[in-house]
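K.L.:
I'd like to ask some things about the structure below.
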Amino acid sequence: MFDLETIRADFPILSRQVNGRPLVYLDNGASAQKPRAVIEAVTRAYAEEYANVHRGLHYLSNLATDKYEAVRGTIARFLKAPHEDEIVFTSGTTEGINLVSYGWAAPRMAPGDEIVLSVLEHHANIVPWHFLRERQGVVLRWVEPEADGSLDPERVLAAVGPRTRLIAVTQMSNVLGTIVDVAAICAGARARGVPVLVDGSQAAVHMPIDLGAIGCDFYAVTGHKLYGPSGSGAIWIARDRQAEMRPFLGGGDMIREVTREGVSYADPPMKFEAGTPGIVQQIGLGVALDYLMALGMENVARHEAALRDYAQARLAGLNWLNVQGSAPDRGAIFSFTLQGAAHAHDISTVLDKRGIAVRAGTHCAMPLMQHLGMGATCRASFALYNTPAEVDALCDALEFCHDLFG
């Protein structure tokens with residue numbers, strides 16, 4: 001059952017005040033707050049259950065290992081992944097995409113080979129591919145969104161040529177809230193023999209994910225957006241792609257045997273998980289995903305769609321507010337500026353004085369901001385615990401900004 005009042009009570013930070021006002025937290029696109037269950041699990045793991053994993057035969061090591069490894073199955077269930085051993089633990093989406101860049105793409109790409117990207121991408125799904133452009137002469141082929149901020153799958157597929165080796169695309173824009181039909185892109189790419197990496201960092205927290213239905217080859221998520229700890233995350237890598245990959249990092253846990261003469265590697269996913277991992281972070285992520293699955297991602301999506309529609313209507317009534325993007329399929333993310341000279345940072349500062357947390361800047365999406373002709377925007381991004389009253393608080397504060405800067 002999705003009871004908003006009960007859910008809000010699960011998040012201790014939402015009861016605090018900022019600058020003498022009740023906190024209205026609308027920076028969820030950057031990082032979500034943590035429910036009490038996650039906070040308690042992390043505290044308990046450090047206070048009562050901590051030891052290194054995989055290496056010990058003592059009670060605490062076995063306990064930590066069991067709890068840590070159980071999260072692999074939790075992530076697989078959350079993403080509806082075909083196989084648990086296709087889940088590779090990472091510190092977040094950035095590490096996951098870099099793993100693919102170094103471990104899968106770099107060994108098989110020659111100068112002139114192409115990677116297709118959309119202009120909607122977060123830097124985490126741009127910079128690793130620029131590394132290949134700089135170091136190996138790989139060509140980046142860019143696909144622009146439509147005027148409303150939507151991304152036409154046919155335009156993405158039209159960019160595929162005989163030397164395309166990968167499509168890397170977000171499922172949801174962190175700036176515009178655009179939801180991309182990644183299943184259509186994957187179906188077309190599969191017919192052309194081109195693998196697809198999907199950045200699910202922004203999408204997975206807002207909607208049910210079914211990797212079987214999407215049909216991609218790689219799917220990355222980050223824990224801190226999923227109500228889990230920072231430094232947690234995972235990337236799903238299909239078994240046939242895992243078999244094509246070399247290790248990205250070398251060290252403990254990812255080896256089978258090391259001698260003076262050579263090294264043999266563990267089977268995936270351990271092959272791609274070197275060193276002492278973020279044990280407690282991943283345990284916390286597992287608890288966060290259990291929390292989300294108990295609520296039901298369909299219920300989360302329904303609640304956030306209602307918030308999106310209400311916020312969209314309220315913001316549209318502020319005719320001096322410039323909201324970027326109007327894609328018909330979008331999440332509850334709104335990037336905006338005020339008409340006139342007010343900078344996004346100034347707007348954000350005024351909102352903060354009224355207890356409202358939003359993001360201001362380029363949102364790690366400079367190519368998109370350049371495409372929009374924007375130096376910076378404010379971004380209000382909503383989550384499962386936000387309310388219509390908080391939409392009203394945002395709009396009231398923006399009215400105040402308009403009067404102040406007008």
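By order of appearance in the structure tokens: chains A, B, ..., then residues from 1 within every chain, and ligands from 1 in the order shown.
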Fewer than 4 positions away in the same chain doesn't count, so skip those; otherwise give me all residues within 7 Å of region 341-352 of chain A, counting only C-alpha atoms, as a list in words.

P.N.:
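Here the answer would be Thr337, Ile356, Ala357, Val358, Arg359, Ala360, Gly361, Ala376, Thr377, Cys378, Ala397, Cys401 and Phe405 of chain A.
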
K.L.:
With only C-alpha atoms as the counted atoms, please give the residues lying no more than 10 Å from Ala110 (chain A), apart from itself and same-chain residues fewer than 3 positions off, as a PyMOL selection string.

P.N.:
chain A and resi 105-107+113-114+132+136-139+163+165

K.L.:
Can you pull out every residue within 9 Å of Glu390 (chain A), counting only C-alpha atoms, but drop anything in the same chain fewer than 5 positions away, and send it as a list in words?

P.N.:
Val24, Tyr25, Leu26, Ile356 and Cys395 of chain A

K.L.:
Neighbours of Ser201 (chain A) within 9 Å (only C-alpha atoms; same-chain residues fewer than 3 positions away dropped), as a PyMOL selection string?

P.N.:
chain A and resi 92-93+170-172+174+198+204-205+219-223+225-226

K.L.:
May I have the selected residues written with C-alpha atoms, as an mmCIF file, in the first residue's frame?

P.N.:
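Now in result.cif:
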data_model
loop_
_atom_site.group_PDB
_atom_site.id
_atom_site.type_symbol
_atom_site.label_atom_id
_atom_site.label_comp_id
_atom_site.auth_asym_id
_atom_site.auth_seq_id
_atom_site.Cartn_x
_atom_site.Cartn_y
_atom_site.Cartn_z
ATOM 1 C CA GLY A 92 27.765 3.648 -9.116
ATOM 2 C CA THR A 93 26.853 4.244 -12.734
ATOM 3 C CA THR A 170 20.123 7.245 -21.236
ATOM 4 C CA GLN A 171 16.673 5.955 -20.317
ATOM 5 C CA MET A 172 15.730 9.263 -18.688
ATOM 6 C CA ASN A 174 18.423 14.135 -15.779
ATOM 7 C CA VAL A 198 21.633 1.953 -21.228
ATOM 8 C CA ALA A 204 15.403 2.969 -12.389
ATOM 9 C CA VAL A 205 14.236 4.913 -9.331
ATOM 10 C CA TYR A 219 22.411 -1.519 -17.901
ATOM 11 C CA ALA A 220 23.948 0.663 -15.185
ATOM 12 C CA VAL A 221 22.374 1.946 -11.955
ATOM 13 C CA THR A 222 23.619 3.956 -9.007
ATOM 14 C CA GLY A 223 22.618 3.368 -5.407
ATOM 15 C CA LYS A 225 19.600 7.800 -6.373
ATOM 16 C CA LEU A 226 17.779 4.592 -5.383
#

K.L.:
Show which residues sit within 9 Å of Leu23 (chain A), as a PyMOL selection string. Count only C-alpha atoms, and ignore same-chain residues fewer than 6 positions away.

P.N.:
chain A and resi 13-17+354-357

K.L.:
When you look at Lys80 (chain A) with a cut-off of 9 Å (counting only C-alpha atoms), what residues show up, excluding the ones that are within fewer than 6 positions of it in the same chain? I need them as a PyMOL selection string.

P.N.:
chain A and resi 209-212

K.L.:
Restricted to N, CA and C atoms, what would the selected residues look like written as a tab-separated table (two decimals), in the first residue's frame?

P.N.:
chain	number	residue	atom	x	y	z
A	209	ILE	N	11.55	-1.61	-13.97
A	209	ILE	CA	12.53	-1.96	-15.00
A	209	ILE	C	12.46	-3.46	-15.27
A	210	ASP	N	12.43	-3.81	-16.53
A	210	ASP	CA	12.42	-5.20	-16.95
A	210	ASP	C	13.48	-5.36	-18.04
A	211	LEU	N	14.65	-5.85	-17.67
A	211	LEU	CA	15.74	-5.94	-18.63
A	211	LEU	C	15.41	-6.87	-19.78
A	212	GLY	N	14.61	-7.90	-19.51
A	212	GLY	CA	14.21	-8.78	-20.60
A	212	GLY	C	13.41	-8.04	-21.66

K.L.:
Name the residues in contact with Leu197 (chain A) at a cut-off of 9 Å, using only C-alpha atoms, excluding same-chain residues fewer than 5 positions from it; report them as a list in words.

P.N.:
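What passes the distance filter is Ile97, Val100, Leu166, Ile167, Ala168, Val169, Thr170, Cys216, Asp217, Phe218, Tyr219 and Ala220 of chain A.
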
K.L.:
Determine the nearest neighbour of Arg36 (chain A) from the options A:Asn62, A:His224, A:Gln282, A:Val287, counting only C-alpha atoms.

P.N.:
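Result for the nearest residue to Arg36 (chain A): A:Val287.
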
K.L.:
May I ask which of the residues A:Ala311, A:Val194, A:Leu117, A:Ala327 is the closest one to Ser150 (chain A), counting only C-alpha atoms?

P.N.:
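Counting only C-alpha atoms, the residue closest to Ser150 (chain A) is A:Ala327.
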
K.L.:
If you run DSSP on the backbone, which residues of region 132-296 of chain A are strand (DSSP E or B), as a PyMOL selection string?

P.N.:
chain A and resi 139-143+164-170+172+178-179+196-199+218-222+233-237+255-258+263-265
